[in-house]
Amino acid sequence: MAIEQIHAINVLSIKGGVGKTTVAINLAVALGHMGRKVLLIDGDPANASIAYHLHIDEPFISIEEAVLEMRPLSEAIIRYKEGKIDVIPGMESQTYPLSGAQTEHLQKEANSLDYEYVIVDTSPGIMAPQIITTDPKFLYHSLIVSTPYEPTIKSNKKLIELLDENGMPYSMILNRNGADPYGMSPSQITKEYDIEILQVLPEDEIVPRSISKRTPAFLLNKNSEFSKKIAAIAKGL
């Protein structure tokens, strides 16, 4: 039976190095382990790294190759069995701007996707999402990932204002809370920048350990504080 509604989740941040890819991967895996049908897309051509983090080695067809060569997205999908999700990896390249034919091809391919959740790890900054479609079955939501440092909060506040202006729904996730005494507290961020925080992810040794093992933190230890918070986000979605 075809999926009637697809939650398209773009994981965003103005700055790099905030843990955007870590959040995208672990959220996808948490949803997969909840029995949801999930597709994770590496939409960061500046620093494509999902394949590395999931121990997916070449050769594979990247999202960039599928779009630029106008190939079916299905050819690029890889099953990540441990995470119970499907993945379309990326490669470092420059895919924008797309031609009219490429944009039309991407829209047609997006409309053919049959998932409950399509999670896209995007490039830092503000750029078009990898999934382009006006199909009403797609419900878009942006997850903005930020560390608790004021320059990053200020930058992401600009992103929030842009999303507000365009009537696009979003939530903020505060990552690496408690990493050191120089970060802002969640209450400070809410008070000084009027930002509502969906979830606070703590600094947790499971994350660097997971990166070194090329295995999502959620799979290494579902009972870690980080994993439990990721599970809470997944349940809320």
# chains A, B, ... in the order shown; residues from 1 in each chain; ligands from 1
$ residues_around --residues "region 160-177 of chain A" --least-positions-apart "4" --cutoff "6 Å" --atoms "only C-alpha atoms" --output "list in words"
His141, Ser142, Leu143, Ile144, Val145, Ser146, Thr147, Ile197, Leu198, Gln199, Val200, Leu201, Pro202 and Glu203 of chain A
$ write_last_selection --atoms "C-alpha atoms" --output "PDB file, in the first residue's frame"
ATOM      1  CA  HIS A 141       9.426  20.574   8.478  1.00  0.00           C
ATOM      2  CA  SER A 142      12.862  21.997   9.237  1.00  0.00           C
ATOM      3  CA  LEU A 143      14.930  20.904  12.220  1.00  0.00           C
ATOM      4  CA  ILE A 144      17.498  23.591  13.034  1.00  0.00           C
ATOM      5  CA  VAL A 145      20.507  22.219  14.898  1.00  0.00           C
ATOM      6  CA  SER A 146      22.562  24.602  17.028  1.00  0.00           C
ATOM      7  CA  THR A 147      25.261  24.432  19.659  1.00  0.00           C
ATOM      8  CA  ILE A 197      13.768  24.775  21.847  1.00  0.00           C
ATOM      9  CA  LEU A 198      12.191  21.452  20.913  1.00  0.00           C
ATOM     10  CA  GLN A 199      14.843  19.267  22.549  1.00  0.00           C
ATOM     11  CA  VAL A 200      18.184  19.642  24.335  1.00  0.00           C
ATOM     12  CA  LEU A 201      20.810  17.042  23.434  1.00  0.00           C
ATOM     13  CA  PRO A 202      23.502  16.663  26.091  1.00  0.00           C
ATOM     14  CA  GLU A 203      27.234  16.379  25.581  1.00  0.00           C
TER      15      GLU A 203
END
$ select_by_dssp --residues "chain A" --states "alpha helix (DSSP H)" --output "JSON, numbers by chain"
{"A": [20, 21, 22, 23, 24, 25, 26, 27, 28, 29, 30, 31, 32, 33, 50, 51, 52, 53, 63, 64, 65, 66, 67, 68, 100, 101, 102, 103, 104, 105, 106, 107, 108, 109, 110, 111, 150, 151, 152, 153, 154, 155, 156, 157, 158, 159, 160, 161, 162, 163, 164, 165, 186, 187, 188, 189, 190, 191, 192, 193, 206, 207, 208, 209, 210, 211, 212, 213, 217, 218, 219, 220, 225, 226, 227, 228, 229, 230, 231, 232, 233, 234, 235, 236]}
$ closest_residue --among "A:Pro148, A:Gly83, A:Gly125, A:Pro72" --to "Val38 (chain A)" --atoms "only C-alpha atoms"
A:Gly83
$ atom_distance --atom1 "CA of Leu113 (chain A)" --atom2 "CA of Glu64 (chain A)"
16.8 Å
$ residues_around --residues "region 226-230 of chain A" --least-positions-apart "2" --cutoff "8 Å" --atoms "only C-alpha atoms" --output "MDAnalysis selection string"
chainID A and resid 23 26:27 30 199:204 206:207 217:218 221:224 232:234
$ residues_around --residues "Thr122 (chain A)" --least-positions-apart "2" --cutoff "8 Å" --atoms "only C-alpha atoms" --output "list of chain:residue names"
A:Asn10, A:Val11, A:Leu12, A:Asp42, A:Gly43, A:Asp44, A:Val120, A:Pro124, A:Pro129, A:Gln130
$ atom_distance --atom1 "CA of Phe138 (chain A)" --atom2 "CA of Leu39 (chain A)"
13.5 Å
$ closest_residue --among "A:Asp121, A:Glu205, A:Glu58, A:Asp114" --to "Ile3 (chain A)" --atoms "only C-alpha atoms"
A:Asp114
$ atom_distance --atom1 "CA of Arg71 (chain A)" --atom2 "CA of Gln107 (chain A)"
12.3 Å
$ residues_around --residues "Ile78 (chain A)" --least-positions-apart "4" --cutoff "7 Å" --atoms "only C-alpha atoms" --output "compact mmCIF listing (two decimals) with N, CA and C atoms, in the first residue's frame"
# COMPACT_ATOMS: atom_id res chain seq x y z
N ASP A 86 16.54 3.12 4.74
CA ASP A 86 17.16 3.23 3.43
C ASP A 86 17.97 4.53 3.38
N VAL A 87 19.03 4.51 2.58
CA VAL A 87 19.95 5.65 2.51
C VAL A 87 20.28 5.97 1.05
N ILE A 88 20.30 7.25 0.71
CA ILE A 88 20.89 7.70 -0.55
C ILE A 88 22.12 8.51 -0.17
$ residues_around --residues "Val118 (chain A)" --least-positions-apart "2" --cutoff "8 Å" --atoms "only C-alpha atoms" --output "list of chain:residue names"
A:Ile6, A:His7, A:Ala8, A:Ile9, A:Val38, A:Leu39, A:Leu40, A:Ile41, A:Tyr115, A:Glu116, A:Val120
$ closest_residue --among "A:Leu68, A:Ile119, A:Ala101, A:Ile63" --to "Leu31 (chain A)" --atoms "only C-alpha atoms"
A:Ile119
$ closest_residue --among "A:Ser123, A:Ser49, A:Thr133, A:Ser185" --to "His105 (chain A)" --atoms "only C-alpha atoms"
A:Thr133
$ closest_residue --among "A:Ala24, A:Glu104, A:Pro89, A:Lys84" --to "Ile61 (chain A)" --atoms "only C-alpha atoms"
A:Pro89
$ select_by_dssp --residues "region 6-184 of chain A" --states "strand (DSSP E or B)" --output "ChimeraX atom specification"
/A:6-12,38-43,78-80,85-88,117-122,138-146,170-177
$ decode --residues "region 176-200 of chain A" --atoms "N, CA and C atoms" --output "mmCIF file, in the first residue's frame"
data_model
loop_
_atom_site.group_PDB
_atom_site.id
_atom_site.type_symbol
_atom_site.label_atom_id
_atom_site.label_comp_id
_atom_site.auth_asym_id
_atom_site.auth_seq_id
_atom_site.Cartn_x
_atom_site.Cartn_y
_atom_site.Cartn_z
ATOM 1 N N ARG A 176 24.903 19.404 22.106
ATOM 2 C CA ARG A 176 26.124 19.524 22.901
ATOM 3 C C ARG A 176 25.934 20.437 24.116
ATOM 4 N N ASN A 177 24.765 20.398 24.686
ATOM 5 C CA ASN A 177 24.519 21.188 25.889
ATOM 6 C C ASN A 177 25.389 20.676 27.037
ATOM 7 N N GLY A 178 26.048 21.599 27.728
ATOM 8 C CA GLY A 178 26.902 21.234 28.847
ATOM 9 C C GLY A 178 28.307 20.834 28.467
ATOM 10 N N ALA A 179 28.689 21.085 27.195
ATOM 11 C CA ALA A 179 30.037 20.708 26.751
ATOM 12 C C ALA A 179 31.114 21.472 27.502
ATOM 13 N N ASP A 180 30.845 22.715 27.845
ATOM 14 C CA ASP A 180 31.777 23.513 28.633
ATOM 15 C C ASP A 180 31.011 24.680 29.258
ATOM 16 N N PRO A 181 31.628 25.431 30.158
ATOM 17 C CA PRO A 181 30.899 26.493 30.870
ATOM 18 C C PRO A 181 30.649 27.754 30.046
ATOM 19 N N TYR A 182 31.091 27.780 28.790
ATOM 20 C CA TYR A 182 30.983 29.012 28.011
ATOM 21 C C TYR A 182 29.740 29.067 27.121
ATOM 22 N N GLY A 183 28.983 27.990 27.093
ATOM 23 C CA GLY A 183 27.774 27.998 26.295
ATOM 24 C C GLY A 183 26.616 28.641 27.043
ATOM 25 N N MET A 184 25.617 29.087 26.275
ATOM 26 C CA MET A 184 24.412 29.652 26.875
ATOM 27 C C MET A 184 23.513 28.513 27.351
ATOM 28 N N SER A 185 22.792 28.741 28.416
ATOM 29 C CA SER A 185 21.843 27.742 28.893
ATOM 30 C C SER A 185 20.588 27.809 28.025
ATOM 31 N N PRO A 186 19.814 26.732 27.984
ATOM 32 C CA PRO A 186 18.558 26.771 27.215
ATOM 33 C C PRO A 186 17.643 27.911 27.644
ATOM 34 N N SER A 187 17.576 28.181 28.943
ATOM 35 C CA SER A 187 16.698 29.259 29.409
ATOM 36 C C SER A 187 17.192 30.627 28.948
ATOM 37 N N GLN A 188 18.520 30.809 28.927
ATOM 38 C CA GLN A 188 19.086 32.069 28.417
ATOM 39 C C GLN A 188 18.740 32.267 26.950
ATOM 40 N N ILE A 189 18.870 31.213 26.172
ATOM 41 C CA ILE A 189 18.590 31.287 24.738
ATOM 42 C C ILE A 189 17.132 31.660 24.502
ATOM 43 N N THR A 190 16.242 31.026 25.242
ATOM 44 C CA THR A 190 14.819 31.312 25.095
ATOM 45 C C THR A 190 14.500 32.748 25.491
ATOM 46 N N LYS A 191 15.114 33.209 26.586
ATOM 47 C CA LYS A 191 14.828 34.553 27.084
ATOM 48 C C LYS A 191 15.429 35.635 26.198
ATOM 49 N N GLU A 192 16.708 35.483 25.819
ATOM 50 C CA GLU A 192 17.411 36.549 25.100
ATOM 51 C C GLU A 192 17.130 36.555 23.602
ATOM 52 N N TYR A 193 16.813 35.400 23.026
ATOM 53 C CA TYR A 193 16.608 35.335 21.575
ATOM 54 C C TYR A 193 15.195 34.913 21.183
ATOM 55 N N ASP A 194 14.336 34.691 22.170
ATOM 56 C CA ASP A 194 12.952 34.330 21.904
ATOM 57 C C ASP A 194 12.869 33.116 20.978
ATOM 58 N N ILE A 195 13.663 32.101 21.301
ATOM 59 C CA ILE A 195 13.688 30.870 20.514
ATOM 60 C C ILE A 195 13.160 29.723 21.362
ATOM 61 N N GLU A 196 12.151 29.072 20.849
ATOM 62 C CA GLU A 196 11.619 27.897 21.533
ATOM 63 C C GLU A 196 12.450 26.672 21.131
ATOM 64 N N ILE A 197 12.910 25.924 22.106
ATOM 65 C CA ILE A 197 13.768 24.775 21.847
ATOM 66 C C ILE A 197 12.953 23.488 21.978
ATOM 67 N N LEU A 198 12.952 22.701 20.911
ATOM 68 C CA LEU A 198 12.191 21.452 20.913
ATOM 69 C C LEU A 198 12.818 20.414 21.836
ATOM 70 N N GLN A 199 14.155 20.270 21.751
ATOM 71 C CA GLN A 199 14.843 19.267 22.549
ATOM 72 C C GLN A 199 16.281 19.708 22.805
ATOM 73 N N VAL A 200 16.798 19.334 23.952
ATOM 74 C CA VAL A 200 18.184 19.642 24.335
ATOM 75 C C VAL A 200 18.966 18.335 24.355
#
